Amino acid sequence: MDRITTDRARLYCGDCFRVLEELREREVDGVIIDPPYSSGGTFSTMRKGDTYKKYCRSGSEFGKDKSFTGDNMDMRSFTLFLREVLFSARLKTKDQGVCCVFIDFRNLPAVADALQMAGWIWRGIAVWDKKSSRPQMGRFKNQCEYIVWGSNGDLPLERGVGVLDGLFSYGNVPTAKRYHQTEKPLALMKQVVEIVPAGGVVLDFFMGSGTTGVACMETGRRFIGGELDKEYFETARRRIEAAENQTSIFAGGGVLVIFAIDFDGTLCVDRYPEIGEPREEMISAVLDAQRAGDRFILWTCRVGERLEEAVNWSAAQGLTFDAVNDNLPDMIALHGNNCRKVFADGYIDDRNVRDLLGVEI
């Protein structure tokens, strides 16, 4: 079994049970896993299908994502499997450590059962609101996934962790930024890992493309990860090593992104020279990205009073910008000049907003 060790991470390419055999007892402070849901359909024949067909939009660019295995169990098999792996994981977890398991509504009861059968004390369920889902007439939207969590024994109030949210609202990772079919948003995982005290060790033996590991690197935690698929393991290794080694030029450290975003037609309906109605979903996506640490430059043809109107209108929507029609100050310092080109990792207008931020306008 391949093993990679860095200053703050230890990564294994292998089966979850073999990974757990490599760990010492009571070595980790928390287990945070996103196992294959064995879901994606109402009937057992649908659940046994290829993960691309179950979880991705047919006929779209989502086909670039590699399918993964282990996602074809019925509920009884899934419960037994998860009980075994969570029992083994509890032996590797310190007393008063925690366990968090992602799942959707179909196998939510199975996870709650497996967690308790493995000896964890069930503490509750947190909710991830994905903000969107496949629409179906006459039904509530299934736009949420869940985090079943518990503790290895008592959970004292004073353990170096503050009051944490139980509801997280983040859209799915946009196509252009995704490494895995069922990848969780980095901003979401940076909040979830806060259940483990800063400096603690987080274990994820279903690490996929490594988002939980990246979240640990960016929040001052250590990480042990395992992944069976060699291609996903290499992706995770690259991402986690980059996050650990990144010396960010931005405040707070970590790997952040700069976007230059257009105004008319993107943040608002195009009624130039007047300001159109706000595009609420677009504004919400920008605010989510800013909370995750991304930075935004307002990039518009407006000048003078019309530019000032746009800035003031944006502020009324809760949007502030790191620069307006200009480079960021730290970019100017880095390059030693302020060239005419606005430096950014992505340039957003009404033609490409879906690919970059996953928003339809």
# chains A, B, ... in the order shown; residues from 1 in each chain; ligands from 1
call {"tool": "residues_around", "arguments": {"residues": "region 199-213 of chain A", "least_positions_apart": "3", "cutoff": "9 Å", "atoms": "only C-alpha atoms", "output": "compact mmCIF listing (two decimals) with N, CA, C and O atoms, in the first residue's frame"}}
result
# COMPACT_ATOMS: atom_id res chain seq x y z
N ARG A 8 2.36 17.66 7.88
CA ARG A 8 1.06 17.68 8.57
C ARG A 8 0.05 16.69 8.00
O ARG A 8 -1.12 16.72 8.40
N ALA A 9 0.48 15.84 7.11
CA ALA A 9 -0.47 14.89 6.51
C ALA A 9 0.19 13.53 6.30
O ALA A 9 1.40 13.43 6.09
N TYR A 12 -2.62 7.42 2.44
CA TYR A 12 -2.50 6.02 2.05
C TYR A 12 -3.35 5.77 0.81
O TYR A 12 -4.49 6.26 0.73
N GLY A 14 -5.17 2.84 -0.61
CA GLY A 14 -5.56 1.48 -0.30
C GLY A 14 -6.96 1.40 0.25
O GLY A 14 -7.64 2.41 0.48
N ASP A 15 -7.42 0.19 0.50
CA ASP A 15 -8.74 -0.09 1.05
C ASP A 15 -8.87 0.49 2.45
O ASP A 15 -7.90 0.53 3.23
N CYS A 16 -10.07 0.94 2.80
CA CYS A 16 -10.27 1.62 4.08
C CYS A 16 -9.87 0.75 5.27
O CYS A 16 -9.29 1.25 6.26
N PHE A 17 -10.13 -0.56 5.23
CA PHE A 17 -9.78 -1.42 6.35
C PHE A 17 -8.26 -1.56 6.48
O PHE A 17 -7.72 -1.58 7.59
N VAL A 19 -6.13 0.73 5.53
CA VAL A 19 -5.67 2.02 6.04
C VAL A 19 -5.81 2.05 7.56
O VAL A 19 -4.89 2.46 8.28
N LEU A 20 -6.96 1.62 8.06
CA LEU A 20 -7.19 1.65 9.50
C LEU A 20 -6.22 0.74 10.25
O LEU A 20 -5.83 1.04 11.39
N GLU A 27 -5.22 7.44 17.98
CA GLU A 27 -4.30 8.35 17.30
C GLU A 27 -4.98 9.62 16.79
O GLU A 27 -4.34 10.66 16.68
N VAL A 28 -6.28 9.57 16.49
CA VAL A 28 -6.92 10.71 15.83
C VAL A 28 -7.92 11.38 16.76
O VAL A 28 -8.45 10.78 17.70
N ASP A 29 -8.19 12.66 16.46
CA ASP A 29 -9.14 13.44 17.26
C ASP A 29 -10.54 13.43 16.66
O ASP A 29 -11.52 13.74 17.35
N GLY A 30 -10.64 13.12 15.37
CA GLY A 30 -11.95 13.10 14.73
C GLY A 30 -11.92 12.33 13.43
O GLY A 30 -10.91 12.31 12.72
N VAL A 31 -13.05 11.70 13.13
CA VAL A 31 -13.24 10.99 11.86
C VAL A 31 -14.29 11.76 11.07
O VAL A 31 -15.41 11.96 11.56
N ILE A 32 -13.93 12.21 9.88
CA ILE A 32 -14.88 12.93 9.02
C ILE A 32 -14.85 12.24 7.67
O ILE A 32 -13.83 12.29 6.96
N ILE A 33 -15.94 11.57 7.31
CA ILE A 33 -15.93 10.76 6.09
C ILE A 33 -17.15 11.08 5.21
O ILE A 33 -18.21 11.47 5.70
N ASP A 34 -16.94 10.89 3.92
CA ASP A 34 -17.99 11.04 2.91
C ASP A 34 -18.01 9.75 2.09
O ASP A 34 -17.49 9.70 0.98
N PRO A 35 -18.59 8.67 2.65
CA PRO A 35 -18.51 7.37 1.99
C PRO A 35 -19.40 7.33 0.75
O PRO A 35 -20.29 8.17 0.59
N PRO A 36 -19.18 6.37 -0.14
CA PRO A 36 -20.14 6.16 -1.24
C PRO A 36 -21.53 5.94 -0.65
O PRO A 36 -21.71 5.10 0.23
N ALA A 89 -12.78 2.42 13.12
CA ALA A 89 -12.34 3.81 13.22
C ALA A 89 -12.44 4.33 14.65
O ALA A 89 -11.61 5.14 15.09
N THR A 93 -9.69 6.36 17.49
CA THR A 93 -10.09 7.71 17.88
C THR A 93 -9.94 7.89 19.39
O THR A 93 -10.30 7.01 20.18
N TYR A 179 -13.08 18.24 -8.95
CA TYR A 179 -12.15 17.13 -9.17
C TYR A 179 -12.84 15.76 -9.06
O TYR A 179 -12.26 14.77 -9.46
N HIS A 180 -14.04 15.71 -8.49
CA HIS A 180 -14.69 14.43 -8.18
C HIS A 180 -16.18 14.59 -8.42
O HIS A 180 -16.74 15.67 -8.23
N THR A 182 -18.75 13.68 -6.72
CA THR A 182 -19.55 14.06 -5.54
C THR A 182 -18.74 14.93 -4.57
O THR A 182 -18.92 14.85 -3.35
N GLU A 183 -17.87 15.74 -5.11
CA GLU A 183 -16.99 16.58 -4.29
C GLU A 183 -17.78 17.58 -3.47
O GLU A 183 -18.71 18.21 -3.95
N LYS A 184 -17.39 17.73 -2.21
CA LYS A 184 -18.01 18.71 -1.33
C LYS A 184 -17.28 20.05 -1.45
O LYS A 184 -16.07 20.10 -1.66
N PRO A 185 -18.00 21.18 -1.30
CA PRO A 185 -17.35 22.49 -1.37
C PRO A 185 -16.29 22.66 -0.28
O PRO A 185 -16.51 22.26 0.86
N LEU A 186 -15.18 23.26 -0.65
CA LEU A 186 -14.11 23.48 0.33
C LEU A 186 -14.60 24.35 1.48
O LEU A 186 -14.27 24.10 2.64
N MET A 189 -16.38 22.19 3.95
CA MET A 189 -15.51 21.33 4.74
C MET A 189 -14.66 22.12 5.73
O MET A 189 -14.32 21.60 6.80
N LYS A 190 -14.32 23.35 5.40
CA LYS A 190 -13.57 24.18 6.35
C LYS A 190 -14.42 24.48 7.59
O LYS A 190 -13.88 24.65 8.69
N VAL A 192 -16.94 22.29 8.61
CA VAL A 192 -17.18 20.99 9.26
C VAL A 192 -15.99 20.56 10.10
O VAL A 192 -16.16 20.04 11.21
N VAL A 193 -14.75 20.77 9.62
CA VAL A 193 -13.58 20.30 10.38
C VAL A 193 -13.40 21.07 11.68
O VAL A 193 -12.62 20.66 12.54
N VAL A 196 -13.39 19.47 15.16
CA VAL A 196 -12.14 18.97 15.74
C VAL A 196 -11.31 20.17 16.20
O VAL A 196 -11.17 21.14 15.45
N CYS A 216 -8.24 20.87 6.16
CA CYS A 216 -7.40 20.75 7.35
C CYS A 216 -6.13 21.59 7.22
O CYS A 216 -5.70 22.26 8.16
N MET A 217 -5.50 21.54 6.04
CA MET A 217 -4.28 22.31 5.83
C MET A 217 -4.55 23.81 5.98
O MET A 217 -3.73 24.56 6.53
N GLU A 218 -5.70 24.25 5.51
CA GLU A 218 -6.00 25.69 5.51
C GLU A 218 -6.56 26.17 6.84
O GLU A 218 -6.72 27.38 7.03
N THR A 219 -6.87 25.25 7.77
CA THR A 219 -7.42 25.66 9.06
C THR A 219 -6.54 25.25 10.23
O THR A 219 -6.99 25.29 11.39
N GLY A 220 -5.31 24.83 9.96
CA GLY A 220 -4.38 24.54 11.05
C GLY A 220 -4.57 23.20 11.72
O GLY A 220 -4.24 23.04 12.90
N ARG A 221 -5.10 22.22 10.98
CA ARG A 221 -5.25 20.88 11.52
C ARG A 221 -4.34 19.90 10.80
O ARG A 221 -3.81 20.21 9.74
N ARG A 222 -4.16 18.71 11.36
CA ARG A 222 -3.39 17.65 10.70
C ARG A 222 -4.37 16.66 10.08
O ARG A 222 -5.53 16.60 10.47
N PHE A 223 -3.86 15.84 9.17
CA PHE A 223 -4.77 15.02 8.38
C PHE A 223 -4.17 13.66 8.09
O PHE A 223 -2.99 13.54 7.75
N ILE A 224 -5.01 12.63 8.22
CA ILE A 224 -4.68 11.28 7.76
C ILE A 224 -5.77 10.88 6.77
O ILE A 224 -6.96 10.92 7.09
N GLY A 225 -5.36 10.51 5.56
CA GLY A 225 -6.34 10.20 4.54
C GLY A 225 -6.05 8.89 3.84
O GLY A 225 -4.90 8.47 3.72
N GLY A 226 -7.11 8.25 3.36
CA GLY A 226 -6.98 7.03 2.58
C GLY A 226 -7.91 7.07 1.39
O GLY A 226 -9.03 7.58 1.48
N GLU A 227 -7.46 6.53 0.26
CA GLU A 227 -8.27 6.48 -0.95
C GLU A 227 -7.88 5.24 -1.75
O GLU A 227 -6.70 4.99 -1.98
N LEU A 228 -8.90 4.49 -2.18
CA LEU A 228 -8.65 3.25 -2.91
C LEU A 228 -8.23 3.49 -4.36
O LEU A 228 -7.32 2.83 -4.87
N ASP A 229 -8.87 4.44 -5.02
CA ASP A 229 -8.61 4.69 -6.44
C ASP A 229 -7.30 5.46 -6.61
O ASP A 229 -7.10 6.52 -6.02
N GLU A 231 -6.01 7.11 -9.20
CA GLU A 231 -6.09 8.42 -9.84
C GLU A 231 -6.59 9.48 -8.87
O GLU A 231 -6.04 10.58 -8.79
N TYR A 232 -7.64 9.15 -8.12
CA TYR A 232 -8.13 10.11 -7.13
C TYR A 232 -7.10 10.32 -6.03
O TYR A 232 -6.96 11.43 -5.49
N PHE A 233 -6.37 9.27 -5.66
CA PHE A 233 -5.33 9.43 -4.65
C PHE A 233 -4.29 10.44 -5.10
O PHE A 233 -3.86 11.31 -4.32
N GLU A 234 -3.87 10.36 -6.36
CA GLU A 234 -2.87 11.30 -6.87
C GLU A 234 -3.41 12.72 -6.90
O GLU A 234 -2.70 13.69 -6.60
N THR A 235 -4.68 12.86 -7.25
CA THR A 235 -5.30 14.19 -7.23
C THR A 235 -5.31 14.74 -5.81
O THR A 235 -4.96 15.90 -5.57
N ALA A 236 -5.71 13.91 -4.86
CA ALA A 236 -5.74 14.33 -3.46
C ALA A 236 -4.34 14.69 -2.96
O ALA A 236 -4.15 15.71 -2.28
N ARG A 237 -3.37 13.87 -3.31
CA ARG A 237 -2.00 14.15 -2.88
C ARG A 237 -1.54 15.51 -3.39
O ARG A 237 -0.98 16.31 -2.62
N ARG A 238 -1.76 15.78 -4.67
CA ARG A 238 -1.33 17.07 -5.24
C ARG A 238 -2.02 18.24 -4.55
O ARG A 238 -1.38 19.24 -4.21
N ARG A 239 -3.32 18.11 -4.34
CA ARG A 239 -4.07 19.22 -3.73
C ARG A 239 -3.64 19.46 -2.29
O ARG A 239 -3.47 20.62 -1.87
N ILE A 240 -3.47 18.39 -1.52
CA ILE A 240 -3.13 18.54 -0.12
C ILE A 240 -1.71 19.07 0.03
O ILE A 240 -1.44 19.96 0.86
N ALA A 243 -1.76 22.75 -0.81
CA ALA A 243 -2.35 23.54 0.26
C ALA A 243 -1.40 23.67 1.44
O ALA A 243 -1.30 24.73 2.07
call {"tool": "closest_atom_pairs", "arguments": {"of": "region 85-155 of chain A", "to": "region 268-291 of chain A", "cutoff": "12 Å", "atoms": "only C-alpha atoms", "output": "JSON lines"}}
result
{"residue": "A:Lys130", "atom": "CA", "partner": "A:Ala285", "partner_atom": "CA", "distance": 11.6}
{"residue": "A:Lys131", "atom": "CA", "partner": "A:Glu281", "partner_atom": "CA", "distance": 9.7}
{"residue": "A:Ser132", "atom": "CA", "partner": "A:Glu281", "partner_atom": "CA", "distance": 10.7}
call {"tool": "write_last_selection", "arguments": {"atoms": "C-alpha atoms", "output": "PDB file, in the first residue's frame"}}
result
ATOM      1  CA  LYS A 130     -27.090  22.630  -1.590  1.00  0.00           C
ATOM      2  CA  LYS A 131     -29.536  25.379  -2.689  1.00  0.00           C
ATOM      3  CA  SER A 132     -30.579  23.464  -5.789  1.00  0.00           C
TER       4      SER A 132
END
call {"tool": "residues_around", "arguments": {"residues": "Leu167 (chain A)", "least_positions_apart": "2", "cutoff": "7 Å", "atoms": "only C-alpha atoms", "output": "count of residues only"}}
result
5
call {"tool": "select_by_dssp", "arguments": {"residues": "region 148-288 of chain A", "states": "alpha helix (DSSP H)", "output": "ChimeraX atom specification"}}
result
/A:186-192,211-218,230-245,280-288
call {"tool": "select_by_dssp", "arguments": {"residues": "region 213-317 of chain A", "states": "strand (DSSP E)", "output": "list in words"}}
result
Arg222, Phe223, Ile224, Gly225, Gly226, Glu227, Ile258, Phe259, Ala260, Ile261, Cys268, Val269, Asp270, Arg271, Glu274, Ile275, Gly276, Glu277, Pro278, Arg295, Phe296, Ile297 and Leu298 of chain A
call {"tool": "residues_around", "arguments": {"residues": "Pro156 (chain A)", "least_positions_apart": "6", "cutoff": "12 Å", "atoms": "only C-alpha atoms", "output": "list in words"}}
result
Asp95, Gln96, Gly97, Val98 and Gly162 of chain A
call {"tool": "residues_around", "arguments": {"residues": "Phe78 (chain A)", "least_positions_apart": "3", "cutoff": "9 Å", "atoms": "only C-alpha atoms", "output": "list in words"}}
result
Tyr37, Ser38, Asn72, Met73, Asp74, Met75, Phe81, Leu82, Arg83, Asn107, Ala110, Val111 and Ala114 of chain A
call {"tool": "closest_residue", "arguments": {"among": "A:Gln116, A:Ser77, A:Asn172, A:Thr6", "to": "Gln143 (chain A)", "atoms": "only C-alpha atoms"}}
result
A:Asn172
call {"tool": "closest_residue", "arguments": {"among": "A:Asp104, A:Ala112, A:Ala118, A:Asp262", "to": "Glu84 (chain A)", "atoms": "only C-alpha atoms"}}
result
A:Ala118
call {"tool": "atom_distance", "arguments": {"atom1": "CA of Arg295 (chain A)", "atom2": "CA of Ala260 (chain A)"}}
result
8.6 Å
